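First the structure, in the form of structure tokens, and then the observations on it.
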Amino acid sequence: MARKLPHKDVVIVGLGWTGSIIANELCDEGLDVVALERGPWRDTATDFNIGYAADELRYNSRQELMLRPAQTTVTARNNAGQTALPMRQFGSFHPGNGVGGAGVHWAGITWRFSPADFRLRSHFTERYGAQAIPDDMTIQDWGLTYEDMEPYYDKFEYLAGVSGKAGNLNGQIQDGGNPFEGPRKREFPNPPMMQTYGPTLFAEAAAKLGYKPFPIPSSLLSRTYTNPLGVTMGQCTFCGFCTNYGCANYSKASAQTTVLPVLMRKSNFELRTLCEVLKVNLDSTGKKATGVTYVDTSGEELEQTADLVILCAFMLDNVRLMLLSGIGKPYDASTGTGVVGRNFCYQMANQVVGFFDPAKYNFNNFIGGGATGMAIDELNNDNFDHGPLGFLGGGSTRCAPIGAEPISKRPTPPGTPAWGSGWKKAMRDSYLSNLSVGCEASSYANRGNFLDLDPTYTDRLGRPLMRITFDFPENDVKMSAYVTKKVAEIVRAMGAQQSVEYPRTGPWSTVPYQSTHVVGGTAIGADPSTSAVNPFLQSWDVPNVFTVGANVFPQNSGFNPTGTVGALAFRAADAIRSRYLKSPGPLVHA
Amino acid sequence: MTRIRLAIAAALLVTASFSVIAAVTAPALADDQDFTLIERGRYVATAADCVACHSVPGGKPYAGGAALQTPFGTLVAPNITPDRETGIGNWTEEDLRRTLREGVGRGGKRLYPAMPYPAYTRMTDDDIHALWVYLQTLEPVSNAVEANQLPFPFNIRLLMAGWNLLNFEPSSFKPDPQKSEEWNRGAYLVQALGHCGTCHTPKSALGADDNDRALQGANLQAWYAPSITADKRQGIGNWSVEQLTAYLKTGANHQSLASGPMAEEIQNSSSKMTDADLKAIATYLLDRTPPAGKAPAPLAADDARMRTGGAVYTDTCMACHGGDGKGQTFLFPTLAGSGLVQADDPATLIRLVLDGSRAVATDDRPTGPAMPPLGWRLTDADVAAVVTYIRNSWSNAAPPVSAGDVAKVRKTLAQAN
């Protein structure tokens with residue numbers, strides 16, 4: 001029997017980007033808020049000492065900031081005909097753990113989704129006709145528009161201090177920015193990052209081919225910046241240790257560097273770390289949450305009652321908590337009915353590596369950052385005519401040297417011996433003279449890709465593991481092949497002696513790292529028969545439960561997700577503050 | 001009419017009786033419960049930063065402090081809540097007045113000057129009265145504190161009579177009629193309530209303020225409290241009134257971020273003071289005549305120590321503090337032109353490199369960034385070199401630091417931890 005704790009107004013599960021943004025907003029509303037975080041406390045001052053923050057063995061090889069599979073993991077299979085097996089080491093993606101979540105070890109690329117993304121099925125239907133969308137492609141509209149999201153994107157960008165160049169200010173296309181983006185009300189809070197040689201060369205070659213290159217919007221900051229909460233961040237030093245690392249220089253936006261210094265000072269906020277939530281408790285009607293039950297490190301079960309429960313954990317855990325708690329109807333792939341677990345999607349990570357003449361090219365790839373570089377958007381989403389192509393979607397193409405860590409970066413062209421003097425020579429020749437251009441592309445929902453509870457495997461607390469059933473749909477593989485060829489043209493135009501193409505191909509493997517952009521499972525939408533939360537991120541079934549994260553994406557865009565996830569956090573907070581608290585109950589009646 | 005008079009008389013009598021009873025049974029209760037006066041007393045307590053010594057972190061305010069390490073041994077600030085057994089519940093206002101003005105507590109008990117009565121002696125009677133009234137409103141907390149934990153012979157309080165004879169004379173604040181009201185307010189706050197000299201004025205061998213060198217910087221064992229004179233090299237003479245006010249209010253300004261004991265002072269005291277008072281403090285401090293003295297010539301850039309220090313700096317410090325030593329405003333302090341960096345006594349600078357520190361977080365500047373500890377990866381010679389480099393680059397000039405100096409600070413830190 002769980003020991004019951006004093007009541008709170010709000011319990012937030014997970015204190016990463018979304019949890020900390022919402023906690024801060026709701027504390028400003030005067031609510032008594034507690035956050036439960038399964039991992040440890042982390043902050044820059046104590047955890048990211050400049051003397052060891054760049055320890056590749058510790059943070060990359062051994063994944064210190066990531067979730068440990070012993071704590072909880074997932075099972076995976078490619079299709080419903082297979083038996084899923086547990087991931088005993090995270091490979092394909094890296095769930096975060098601890099305060100700040102995956103937002104501690106992210107790269108910092110901060111996009112807005114395009115206006116078409118939010119009404120994707122309607123958009124494709126209007127442009128290409130309903131028949132252009134394959135029967136098993138379950139893409140759908142978000143139930144909201146880009147215009148609805150714009151103020152929240154703006155809030156997140158100013159919170160994080162995003163450095164970039166607007167491409168569309170109030171409908172006016174701006175030179176030097178992304179001409180395909182939706183209209184912004186104002187410029188980025190900080191100017192773009194400086195560019196190193198590689199991205200500069202990429203931009204020149206792309207421009208010669210007719211593309212419109214622009215700087216990647218970066219949450220690594222181009223200058224010292226104090227955000228609207230009064231928290232100061234530092235200028236990025238291009239140290240090259242962003243992805244998989246915490247930032248020692250206060251230069252990468254994270255909950256730690258933007259919100260927590262303010263949130264942790266608030267007397268109506270309480271954080272409990274190393275507390276894993278077991279489930280959301282519902283009353284006898286099943287329509288109202290009474291709080292959550294969690295277990296602390298002593299193994300004691302505790303019940304935290306609250307008027308509002310907000311699931312802000314990593315997206316897989318949000319979906320799993322909904323399933324474990326009986327919130328929303330679980331998805332059944334055989335009938336295509338139910339919503340929780342539906343539309344699980346990923347990200348098609350494609351890449352072309354160019355090998356250049358070492359006598360002429362020195363890219364100094366160790367100088368870099370997770371979000372410094374140049375991009376083009378002509379190959380993304382529906383920015384090009386898909387009519388004759390036989391697939392939908394695309395990706396953002398960018399040259400962003402993220403650094404060249406000493407252990408893992410071993411760029412050698414195909415055909416290089418795996419060891420010995422031949423390998424050494426190739427390594428020496430190519431380390432400074434290779435350059436990679438990526439295309440982070442869309443992943444569209446498919447009826448056969450979903451999340452549910454594993455029938456066999458449980459975690460250390462006896463709860464079924466989340467089971468991922470996923471493979472790359474034919475549409476996305478075709479798209480990847482197309483965009484990768486286009487990217488290779490640019491790499492060759494840059495002067496590469498050899499360009500090696502790595503389009504994403506099936507079957508999906510859990511082993512090599514691809515992207516942590518797993519999304520979906522509790523889609524947002526206007527129709528409760530195909531979505532788990534309404535356009536205010538509120539559960540259709542249990543209105544005092546909200547969930548915020550990439551789990552509400554109905555499908556994935558050809559953009560990195562964090563900008564949208566952050567904007568959704570502000571949207572949910574605003575919905576709670578300006579609507580829900582005035583009249584607790586469903587905010588949308590379908 | 002008569003009945004009314006009688007009623008009034010009766011009421012007065014009752015009131016009077018209550019007053020008498022109150023006075024007899026609860027002398028701790030002030031006769032004056034005026035809101036404005038209590039609030040003024042609270043402000044006096046804040047400006048005098050009583051809470052800093054008389055509380056433990058996370059404990060009840062004013063219920064007794066943490067152990068204070070002095071060169072003579074350990075002292076603990078007593079419980080000053082109105083608890084009759086363990087606090088000052090059976091004190092009179094006169095007891096408090098004598099404590100502050102003369103360093104003599106209730107029953108003639110001699111205080112040690114860790115209690116800054118050499119500063120508080122200049123407090124006005126009005127402020128002492130307001131403080132007294134405020135202290136009476138505190139919740140009485142039962143917490144017995146053994147204040148005197150000094151070793152023999154320092155534990156003999158009577159010794160302090162002799163110390164006072166040599167080092168202390170009760171006095172009062174004397175305004176300078178030549179100066180503005182603001183200047184005089186600042187002088188009062190610095191000299192009396194703020195007791196800035198307790199940390200920032202060098203001490204004699206007997207631990208008394210060396211008033212000839214008032215506010216010129218002092219070594220507090222684990223920290224060096226830098227000069228807060230208008231000296232342009234070692235002090236704060238390059239700061240404007242606005243910049244100093246911002247520092248005291250928010251813990252950060254264009255150049256510096258407060259950490260260590262000053263962070264505590266800002267958190268407890270100056271961040272809660274009025275802007276007018278902080279401006280007065282700044283006006284006074286920056287108007288004082290800086291001490292005479294000539295800057296040493298900076299070390300030559302090709303000096304071996306500078307070359308080694310430059311290499312350590314590039315590798316370890318430059319990412320935050322910049323190649324030009326300018327740092328990043330509100331995040332990483334400016335080293336170029338910093339008084340603390342160029343102080344004759346490099347103890348704080350060495351300490352910051354070895355042990356790191358965390359800047360104060362205030363409502364205005366909540367970031368609270370940290371200098372990471374680097375002592376685990378830098379040898380004493382490395383630290384000496386980089387500190388010497390910082391002290392002699394970007395137009396800075398200060399005597400070089402030896403590995404022995406670093407070893408000393410390392411030892412002090414090891415003992416303190």
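Order determines the names: the first chain of the structure tokens is A, the second B, and so forth; residues in each chain are numbered 1 upward, and ligands are numbered 1 upward as they are shown.
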
Within 12 Å of chain B, which residues belong to chain A? Use only C-alpha atoms and report them as a VMD selection string.
chain A and resid 43 to 53 223 to 239 247 to 251 255 to 266

All helix (DSSP H, G or I) residues (DSSP, backbone) inside region 269-380 of chain B, as an MDAnalysis selection string
chainID B and resid 270:272 275:287 304:321 339:342 347:355 380

Just C-alpha atoms for this one: save the residues we selected as a CSV table (one decimal), in the first residue's frame.
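Below is the file out.csv, written as the result:
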```csv
chain,number,residue,atom,x,y,z
B,270,SER,CA,22.2,44.2,0.2
B,271,SER,CA,19.9,42.6,-2.4
B,272,LYS,CA,17.1,43.5,0.1
B,275,ASP,CA,18.1,51.3,-4.2
B,276,ALA,CA,18.6,54.7,-2.5
B,277,ASP,CA,20.7,53.2,0.3
B,278,LEU,CA,22.8,51.1,-2.1
B,279,LYS,CA,23.4,54.3,-4.1
B,280,ALA,CA,24.4,56.1,-0.9
B,281,ILE,CA,26.9,53.3,-0.1
B,282,ALA,CA,28.4,53.5,-3.6
B,283,THR,CA,28.6,57.3,-3.4
B,284,TYR,CA,30.5,57.1,-0.2
B,285,LEU,CA,32.8,54.3,-1.1
B,286,LEU,CA,33.8,55.7,-4.5
B,287,ASP,CA,34.3,59.2,-3.0
B,304,ALA,CA,58.8,31.8,-18.4
B,305,ARG,CA,56.0,32.0,-15.8
B,306,MET,CA,53.9,34.1,-18.3
B,307,ARG,CA,54.5,31.6,-21.1
B,308,THR,CA,53.5,28.6,-19.0
B,309,GLY,CA,50.6,30.5,-17.5
B,310,GLY,CA,49.4,31.6,-21.0
B,311,ALA,CA,49.4,28.0,-22.1
B,312,VAL,CA,47.4,26.9,-19.1
B,313,TYR,CA,45.0,29.9,-19.6
B,314,THR,CA,44.4,29.0,-23.3
B,315,ASP,CA,43.7,25.4,-22.4
B,316,THR,CA,41.6,25.9,-19.4
B,317,CYS,CA,40.3,29.4,-18.9
B,318,MET,CA,39.9,31.0,-22.2
B,319,ALA,CA,36.7,29.3,-23.3
B,320,CYS,CA,34.8,31.3,-20.7
B,321,HIS,CA,37.0,34.3,-19.8
B,339,GLY,CA,40.8,44.6,-8.5
B,340,LEU,CA,40.4,41.2,-7.1
B,341,VAL,CA,42.7,39.8,-9.8
B,342,GLN,CA,45.4,42.4,-9.1
B,347,ALA,CA,44.4,34.1,-1.9
B,348,THR,CA,40.9,34.4,-3.4
B,349,LEU,CA,42.1,34.2,-6.9
B,350,ILE,CA,44.1,31.0,-6.1
B,351,ARG,CA,41.2,29.6,-4.2
B,352,LEU,CA,38.8,30.2,-7.1
B,353,VAL,CA,41.1,28.3,-9.5
B,354,LEU,CA,41.6,25.4,-7.0
B,355,ASP,CA,38.1,25.0,-5.6
B,380,ASP,CA,50.5,24.1,-7.7
```

Need the shell around region 108-113 of chain B: protein/DNA/RNA residues with any atom at most 8 Å away, counting only C-alpha atoms. Skip same-chain ones fewer than 3 positions apart. Format as number ranges by chain?
B: 99, 103-105, 116-118, 157-158, 160-161

DSSP strand (DSSP E or B) selection over region 70-225 of chain B, as a PyMOL selection string
chain B and resi 70+73-76+104+110+148-149+203+209+218-219+224-225

Now that the selection is made, can you save its residues with N, CA and C atoms as a CSV table (one decimal), in the first residue's frame?
```
chain,number,residue,atom,x,y,z
B,70,THR,N,37.7,31.6,13.7
B,70,THR,CA,38.5,32.8,13.8
B,70,THR,C,39.9,32.3,14.0
B,73,GLY,N,40.1,30.7,17.4
B,73,GLY,CA,39.3,29.5,17.7
B,73,GLY,C,37.9,29.7,17.3
B,74,THR,N,37.0,28.8,17.8
B,74,THR,CA,35.6,28.7,17.3
B,74,THR,C,34.7,29.5,18.1
B,75,LEU,N,33.8,30.3,17.5
B,75,LEU,CA,32.8,31.0,18.1
B,75,LEU,C,31.5,30.7,17.4
B,76,VAL,N,30.4,30.7,18.2
B,76,VAL,CA,29.1,30.5,17.6
B,76,VAL,C,28.2,31.7,18.0
B,104,VAL,N,29.3,44.8,25.5
B,104,VAL,CA,29.1,44.2,26.8
B,104,VAL,C,27.6,43.7,26.9
B,110,ARG,N,31.3,40.0,28.5
B,110,ARG,CA,32.1,40.6,27.5
B,110,ARG,C,31.9,39.9,26.2
B,148,ASN,N,30.8,30.4,23.2
B,148,ASN,CA,32.2,30.5,23.4
B,148,ASN,C,32.8,29.1,23.3
B,149,GLN,N,33.4,28.8,22.2
B,149,GLN,CA,34.1,27.5,22.1
B,149,GLN,C,35.6,27.7,21.9
B,203,LYS,N,43.5,43.4,9.6
B,203,LYS,CA,43.4,43.3,11.1
B,203,LYS,C,44.8,43.3,11.6
B,209,ASP,N,40.6,46.0,13.9
B,209,ASP,CA,40.6,46.7,12.6
B,209,ASP,C,41.8,47.6,12.6
B,218,ALA,N,41.4,42.4,3.2
B,218,ALA,CA,41.8,41.6,4.3
B,218,ALA,C,41.7,40.2,4.1
B,219,ASN,N,42.7,39.4,4.7
B,219,ASN,CA,42.7,38.0,4.5
B,219,ASN,C,41.8,37.3,5.6
B,224,TYR,N,40.2,36.0,0.6
B,224,TYR,CA,40.7,37.4,0.7
B,224,TYR,C,39.6,38.3,0.3
B,225,ALA,N,39.2,39.1,1.2
B,225,ALA,CA,38.1,40.1,0.9
B,225,ALA,C,38.8,41.3,0.3
```

Across A:Trp142, A:Tyr331, A:Tyr361, A:Tyr444, the smallest distance to Ser122 (chain A), with only C-alpha atoms counted, is shown by A:Trp142

Counting only C-alpha atoms, the option among A:Pro115, A:Pro586, A:Pro199, A:Pro464 closest to Thr397 (chain A):
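Closest to Thr397 (chain A) of all the choices is A:Pro199.
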
Leaving out region 228-239 of chain B and any residue of its chain fewer than 2 positions from it, which residues lie within 8 Å of it when counting only C-alpha atoms, given as number ranges by chain?
B: 200, 215-217, 226, 241-244, 285-291, 295, 337-344, 396

Hey, what's within 8 Å of Ala263 (chain B) if we count only C-alpha atoms and toss same-chain stuff fewer than 4 positions away? As a PyMOL selection string, please?
chain B and resi 251+258-259+267+359-360
